[in-house]
$ cat query.cif   # mmCIF, C-alpha atoms and all ligand atoms
data_entry
#
loop_
_atom_site.label_atom_id
_atom_site.label_comp_id
_atom_site.auth_asym_id
_atom_site.auth_seq_id
_atom_site.Cartn_x
_atom_site.Cartn_y
_atom_site.Cartn_z
CA MET R 1 14.29 81.54 -105.37
CA GLU R 2 14.96 83.62 -108.45
CA SER R 3 13.04 86.88 -108.58
CA ALA R 4 10.61 87.79 -111.33
CA ALA R 5 12.92 90.61 -112.37
CA ASN R 6 15.81 88.14 -112.74
CA ARG R 7 13.70 85.83 -114.83
CA LEU R 8 12.68 88.76 -117.01
CA GLU R 9 16.33 89.61 -117.59
CA THR R 10 17.11 86.01 -118.47
CA VAL R 11 14.30 85.78 -121.04
CA GLN R 12 15.25 89.13 -122.54
CA ALA R 13 18.89 88.05 -122.78
CA ASN R 14 17.85 84.82 -124.51
CA VAL R 15 15.75 86.77 -127.00
CA ALA R 16 18.68 89.08 -127.75
CA ARG R 17 21.00 86.10 -128.19
CA MET R 18 18.66 84.43 -130.69
CA CYS R 19 18.14 87.67 -132.60
CA LYS R 20 21.81 88.00 -133.46
CA PRO R 21 22.27 85.05 -135.86
CA ALA R 22 18.87 85.79 -137.37
CA ARG R 23 19.99 89.41 -137.98
CA ARG R 24 16.99 90.70 -136.08
CA LYS R 25 16.69 93.47 -133.52
CA PRO R 26 15.52 92.53 -130.00
CA SER R 27 13.21 95.54 -130.13
CA ASP R 28 11.32 93.84 -132.98
CA VAL R 29 10.25 91.06 -130.60
CA THR R 30 7.50 91.88 -128.12
CA LEU R 31 7.63 89.79 -124.97
CA ILE R 32 4.11 89.14 -123.70
CA ALA R 33 4.28 88.11 -120.05
CA VAL R 34 1.47 85.59 -119.68
CA SER R 35 0.09 86.16 -116.19
CA LYS R 36 -2.95 83.86 -116.34
CA THR R 37 -3.78 82.18 -113.02
CA HIS R 38 -1.27 84.40 -111.17
CA PRO R 39 -2.58 86.96 -108.66
CA ALA R 40 -1.78 90.66 -108.76
CA GLU R 41 0.99 90.26 -106.13
CA ARG R 42 2.90 88.06 -108.55
CA ILE R 43 2.39 90.46 -111.44
CA GLU R 44 3.44 93.65 -109.66
CA PRO R 45 7.17 92.80 -109.43
CA LEU R 46 7.33 92.65 -113.22
CA LEU R 47 5.48 95.96 -113.51
CA LYS R 48 7.92 97.45 -110.99
CA ALA R 49 10.80 96.10 -113.07
CA GLY R 50 9.43 98.12 -115.97
CA HIS R 51 7.65 95.44 -117.98
CA ARG R 52 4.40 96.63 -119.55
CA VAL R 53 3.09 93.95 -121.92
CA PHE R 54 0.98 91.18 -120.42
CA GLY R 55 -1.26 88.37 -121.63
CA GLU R 56 -4.31 86.73 -120.14
CA ASN R 57 -6.44 83.92 -121.54
CA ARG R 58 -9.75 84.51 -119.78
CA VAL R 59 -11.80 87.68 -120.02
CA GLN R 60 -13.37 87.28 -116.60
CA GLU R 61 -10.11 86.62 -114.79
CA ALA R 62 -8.51 89.64 -116.47
CA GLN R 63 -11.46 91.84 -115.51
CA GLY R 64 -10.84 90.92 -111.90
CA LYS R 65 -7.11 91.68 -111.87
CA TRP R 66 -6.23 94.31 -114.41
CA PRO R 67 -8.35 97.42 -113.85
CA ALA R 68 -6.64 98.05 -110.48
CA LEU R 69 -3.15 97.27 -111.82
CA ARG R 70 -3.75 99.53 -114.78
CA ASP R 71 -4.71 102.40 -112.54
CA MET R 72 -1.19 102.17 -111.15
CA TYR R 73 0.52 101.47 -114.48
CA PRO R 74 -1.65 103.14 -117.14
CA ASP R 75 0.75 102.44 -120.02
CA THR R 76 0.24 98.68 -119.67
CA GLU R 77 -0.65 96.83 -122.86
CA LEU R 78 -2.95 93.86 -122.37
CA HIS R 79 -3.21 90.96 -124.83
CA LEU R 80 -5.96 88.35 -124.92
CA ILE R 81 -4.16 85.17 -125.92
CA GLY R 82 -6.83 82.48 -125.43
CA GLN R 83 -9.96 81.32 -127.17
CA LEU R 84 -12.67 83.97 -127.21
CA GLN R 85 -16.39 83.21 -127.16
CA SER R 86 -18.48 85.52 -129.30
CA ASN R 87 -20.68 86.47 -126.34
CA LYS R 88 -17.60 87.90 -124.56
CA ALA R 89 -16.59 90.11 -127.49
CA ASP R 90 -17.88 93.36 -125.94
CA GLU R 91 -15.97 92.81 -122.71
CA ALA R 92 -12.84 91.74 -124.57
CA VAL R 93 -12.84 94.85 -126.75
CA GLU R 94 -13.26 97.07 -123.70
CA LEU R 95 -10.38 95.56 -121.76
CA PHE R 96 -7.77 94.30 -124.21
CA ASP R 97 -5.42 96.15 -126.57
CA VAL R 98 -4.71 93.16 -128.83
CA ILE R 99 -6.68 89.95 -129.42
CA HIS R 100 -4.76 86.83 -130.51
CA ALA R 101 -7.37 84.25 -131.39
CA LEU R 102 -9.60 85.49 -134.17
CA ASP R 103 -10.33 82.27 -136.04
CA ARG R 104 -13.88 82.19 -137.38
CA VAL R 105 -16.54 84.25 -139.09
CA SER R 106 -18.97 84.23 -136.16
CA LEU R 107 -16.31 85.75 -133.89
CA LEU R 108 -15.34 88.27 -136.57
CA LYS R 109 -18.95 89.45 -136.73
CA ALA R 110 -19.17 89.73 -132.94
CA LEU R 111 -15.90 91.71 -132.82
CA VAL R 112 -17.00 94.09 -135.58
CA LYS R 113 -20.16 94.84 -133.60
CA ALA R 114 -18.25 95.21 -130.33
CA MET R 115 -15.66 97.56 -131.88
CA ASP R 116 -18.39 99.70 -133.48
CA LYS R 117 -20.14 99.94 -130.15
CA ALA R 118 -16.96 100.80 -128.23
CA GLY R 119 -15.75 103.20 -130.92
CA ARG R 120 -12.34 101.59 -130.81
CA LYS R 121 -10.46 99.25 -133.14
CA VAL R 122 -8.54 96.46 -131.46
CA PRO R 123 -5.87 94.80 -133.62
CA CYS R 124 -6.37 91.05 -133.93
CA PHE R 125 -4.05 88.18 -134.74
CA ILE R 126 -5.67 85.48 -136.84
CA GLN R 127 -5.09 82.11 -135.20
CA VAL R 128 -4.15 79.36 -137.63
CA ASN R 129 -4.69 75.66 -136.92
CA ILE R 130 -1.14 75.08 -138.04
CA GLY R 131 -1.01 71.34 -137.25
CA ASP R 132 -4.44 70.70 -138.79
CA GLU R 133 -5.63 69.17 -135.50
CA ASP R 134 -9.31 68.26 -135.10
CA GLN R 135 -9.65 69.48 -131.53
CA LYS R 136 -7.63 72.70 -131.90
CA GLY R 137 -8.96 76.19 -132.44
CA GLY R 138 -7.71 78.24 -135.34
CA CYS R 139 -8.63 78.87 -138.92
CA ALA R 140 -8.01 75.91 -141.23
CA ILE R 141 -4.99 76.47 -143.46
CA ALA R 142 -7.05 75.91 -146.62
CA GLN R 143 -9.51 78.61 -145.56
CA LEU R 144 -6.93 81.16 -144.45
CA PRO R 145 -6.71 83.38 -147.58
CA GLU R 146 -10.49 83.70 -147.71
CA PHE R 147 -10.75 84.45 -144.00
CA ILE R 148 -8.01 87.10 -144.21
CA GLU R 149 -10.00 88.76 -147.01
CA GLN R 150 -13.12 88.74 -144.84
CA VAL R 151 -11.27 90.34 -141.92
CA ARG R 152 -9.76 92.97 -144.22
CA GLY R 153 -13.23 93.60 -145.68
CA ALA R 154 -14.60 94.12 -142.18
CA ASP R 155 -11.96 96.80 -141.60
CA ILE R 156 -10.50 95.13 -138.52
CA PRO R 157 -6.76 95.79 -138.16
CA ILE R 158 -4.88 92.49 -138.60
CA ALA R 159 -1.88 92.28 -136.27
CA GLY R 160 -0.62 89.12 -137.98
CA LEU R 161 -0.92 85.35 -137.59
CA MET R 162 -0.82 83.32 -134.38
CA CYS R 163 -0.32 79.60 -133.77
CA LEU R 164 0.09 76.91 -131.16
CA PRO R 165 2.04 73.99 -132.67
CA PRO R 166 0.82 70.48 -131.84
CA SER R 167 2.14 69.49 -128.42
CA GLY R 168 4.88 66.90 -128.21
CA THR R 169 6.28 67.67 -131.64
CA GLU R 170 9.26 69.68 -132.86
CA PRO R 171 7.79 73.20 -133.21
CA ALA R 172 10.28 74.67 -135.71
CA PRO R 173 8.59 73.41 -138.92
CA PHE R 174 5.27 74.81 -137.73
CA PHE R 175 6.79 78.20 -136.90
CA ALA R 176 8.47 78.29 -140.31
CA PHE R 177 5.19 77.39 -141.97
CA LEU R 178 3.32 80.15 -140.11
CA ALA R 179 5.98 82.64 -141.23
CA LYS R 180 5.51 81.52 -144.82
CA LEU R 181 1.72 81.82 -144.61
CA ALA R 182 2.08 85.34 -143.23
CA ALA R 183 4.50 86.36 -145.99
CA ASP R 184 2.27 84.80 -148.67
CA ASN R 185 -0.64 86.86 -147.39
CA GLY R 186 1.18 90.14 -146.91
CA LEU R 187 1.17 90.05 -143.12
CA SER R 188 4.19 90.79 -140.93
CA GLY R 189 3.16 90.01 -137.34
CA LEU R 190 3.85 86.53 -135.97
CA SER R 191 2.59 85.54 -132.51
CA MET R 192 4.38 82.26 -131.81
CA GLY R 193 6.55 80.72 -129.12
CA MET R 194 5.93 79.98 -125.44
CA SER R 195 8.24 79.19 -122.50
CA GLY R 196 9.49 75.95 -124.03
CA ASP R 197 10.12 77.17 -127.53
CA TYR R 198 10.32 80.96 -127.69
CA GLU R 199 14.00 80.91 -128.66
CA THR R 200 13.23 78.80 -131.72
CA ALA R 201 10.30 81.07 -132.52
CA VAL R 202 12.50 84.17 -132.37
CA GLN R 203 14.98 82.58 -134.77
CA LEU R 204 12.12 81.91 -137.17
CA GLY R 205 10.71 85.42 -137.10
CA ALA R 206 8.32 85.71 -134.14
CA THR R 207 7.34 89.33 -133.51
CA HIS R 208 5.35 88.41 -130.38
CA ILE R 209 6.27 85.65 -127.95
CA ARG R 210 3.85 84.55 -125.22
CA VAL R 211 5.83 83.51 -122.17
CA GLY R 212 4.29 82.49 -118.85
CA THR R 213 6.11 79.77 -116.92
CA ALA R 214 9.62 81.06 -117.66
CA LEU R 215 8.68 84.37 -116.02
CA PHE R 216 6.26 83.40 -113.26
CA GLY R 217 7.15 79.79 -112.50
CA GLU R 218 4.74 76.87 -112.72
CA ARG R 219 1.03 77.60 -112.58
CA GLY R 220 -0.70 76.16 -109.54
C1 LIG S 301 -0.64 79.74 -121.27
C2 LIG S 301 -0.34 80.16 -122.66
C3 LIG S 301 0.95 80.57 -123.02
C4 LIG S 301 2.14 80.58 -122.05
O1 LIG S 301 2.56 79.28 -121.79
P1 LIG S 301 3.92 78.98 -120.97
O2 LIG S 301 4.29 77.62 -121.40
O3 LIG S 301 3.57 79.08 -119.53
O4 LIG S 301 4.91 80.00 -121.37
C5 LIG S 301 1.15 81.00 -124.32
N1 LIG S 301 0.15 81.00 -125.23
C6 LIG S 301 -1.10 80.60 -124.93
C7 LIG S 301 -2.15 80.64 -125.96
C8 LIG S 301 -1.38 80.16 -123.64
O5 LIG S 301 -2.62 79.76 -123.34
#

$ encode --input "query.cif" --output "structure tokens" --more "lines below"
Ligand SMILES: *Cc1c(COP(=O)(O)O)cnc(C)c1O
Amino acid sequence: MESAANRLETVQANVARMCKPARRKPSDVTLIAVSKTHPAERIEPLLKAGHRVFGENRVQEAQGKWPALRDMYPDTELHLIGQLQSNKADEAVELFDVIHALDRVSLLKALVKAMDKAGRKVPCFIQVNIGDEDQKGGCAIAQLPEFIEQVRGADIPIAGLMCLPPSGTEPAPFFAFLAKLAADNGLSGLSMGMSGDYETAVQLGATHIRVGTALFGERG
């Protein structure tokens, strides 16, 4: 079986390869290793290989795994990539360095309160419902300019825009659309691309790719 360190090298090489034709620098793309559902023993090899940026989608699961790992690797940067419930805002702000799914006013209010209480500002990506899907989280495209203004008004640092394209469709048009929305609104960060489509996302300007399976193998 291929080791985690080998997989990391492969993904990094793919990112570098896609950067070239797009005239981008690999260092402008942050690889978030999505370690959700994987135990600490599976995460440690990547930490040992020098990787320091990880993503989790559940606050409680991350609280169980990361404090101990962080004691060993204090320079680790932890991203919350999944939906966040407002009642978990305090815990999320304590544990995570970046939050990727700010998508509604109620959550904005909860995060403002949590950041005031913690005395720390956590940069947030605004998630956009890029495929306009009923069941999907994310700010509606029509409401995005207004929501961005509200987040700016609340003095929360905006890391950029984040999306999950509709499954089973060609993702490139959605990535390109997210990049346009970010440019139109004066934002530069783009959290887009997962194991199946991160190369396309890099070509289209992703600054943060969220890769789980390609680094850790299938989730159980
Ligand atoms: C699980 C998850 C990923 C990683 O997915 P893979 O296909 O395993 O790379 C990326 N983004 C979000 C929001 C996720 O929940």

$ closest_residue --input "query.cif" --among "R:Val98, R:Met72, R:Ala22, R:Leu80" --to "ligand LIG 301 (chain S)" --atoms "all atoms listed in the file"
R:Leu80

$ closest_residue --input "query.cif" --among "R:Ser167, R:Asn129, R:Ser86, R:Gln203" --to "Ala114 in chain R" --atoms "all atoms listed in the file"
R:Ser86

$ residues_near_ligand --input "query.cif" --ligand "ligand LIG 301 (chain S)" --cutoff "10 Å" --atoms "only C-alpha atoms and all ligand atoms" --output "ChimeraX atom specification"
/R:32-37,55-58,80-83,100-101,127,162-164,191-198,209-219

$ residues_around --input "query.cif" --residues "Leu107 in chain R" --least-positions-apart "4" --cutoff "10 Å" --atoms "all atoms listed in the file" --output "JSON, numbers by chain"
{"R": [84, 85, 86, 87, 88, 89, 101, 102, 103, 111, 112, 113]}

$ residues_around --input "query.cif" --residues "Asp155 in chain R" --least-positions-apart "3" --cutoff "9 Å" --atoms "all atoms listed in the file" --output "ChimeraX atom specification"
/R:112,121,150-152,158

$ atom_distance --input "query.cif" --atom1 "CA of Pro45 in chain R" --atom2 "CA of Gly220 in chain R"
18.4 Å

$ closest_residue --input "query.cif" --among "R:Pro171, R:Glu133, R:His208, R:Ala179" --to "Ala159 in chain R" --atoms "only C-alpha atoms"
R:His208

$ atom_distance --input "query.cif" --atom1 "CA of Leu108 in chain R" --atom2 "CA of Glu94 in chain R"
15.7 Å

$ closest_residue --input "query.cif" --among "R:Gln60, R:Pro39, R:Leu78, R:Phe147" --to "Ser106 in chain R" --atoms "all atoms listed in the file"
R:Phe147

$ atom_distance --input "query.cif" --atom1 "CA of Arg52 in chain R" --atom2 "CA of Cys139 in chain R"
29.3 Å

$ closest_residue --input "query.cif" --among "R:Asp75, R:Asp28, R:Asp97, R:Glu149" --to "Gly186 in chain R" --atoms "all atoms listed in the file"
R:Glu149

$ closest_residue --input "query.cif" --among "R:Arg7, R:Lys180, R:Arg104, R:Arg70" --to "Ile148 in chain R" --atoms "all atoms listed in the file"
R:Arg104

$ axis_aligned_box --input "query.cif" --around "range 180-198 of chain R" --padding-each-side "4 Å" --output "AutoDock Vina command-line options"
--center_x 4.8 --center_y 83.4 --center_z -135.6 --size_x 19.0 --size_y 22.8 --size_z 34.2

$ residues_near_point --input "query.cif" --point "(-14.1, 90.5, -119.4)" --cutoff "7 Å" --atoms "only C-alpha atoms" --output "list of chain:residue names"
R:Val59, R:Gln60, R:Ala62, R:Gln63, R:Lys88, R:Glu91, R:Ala92, R:Leu95
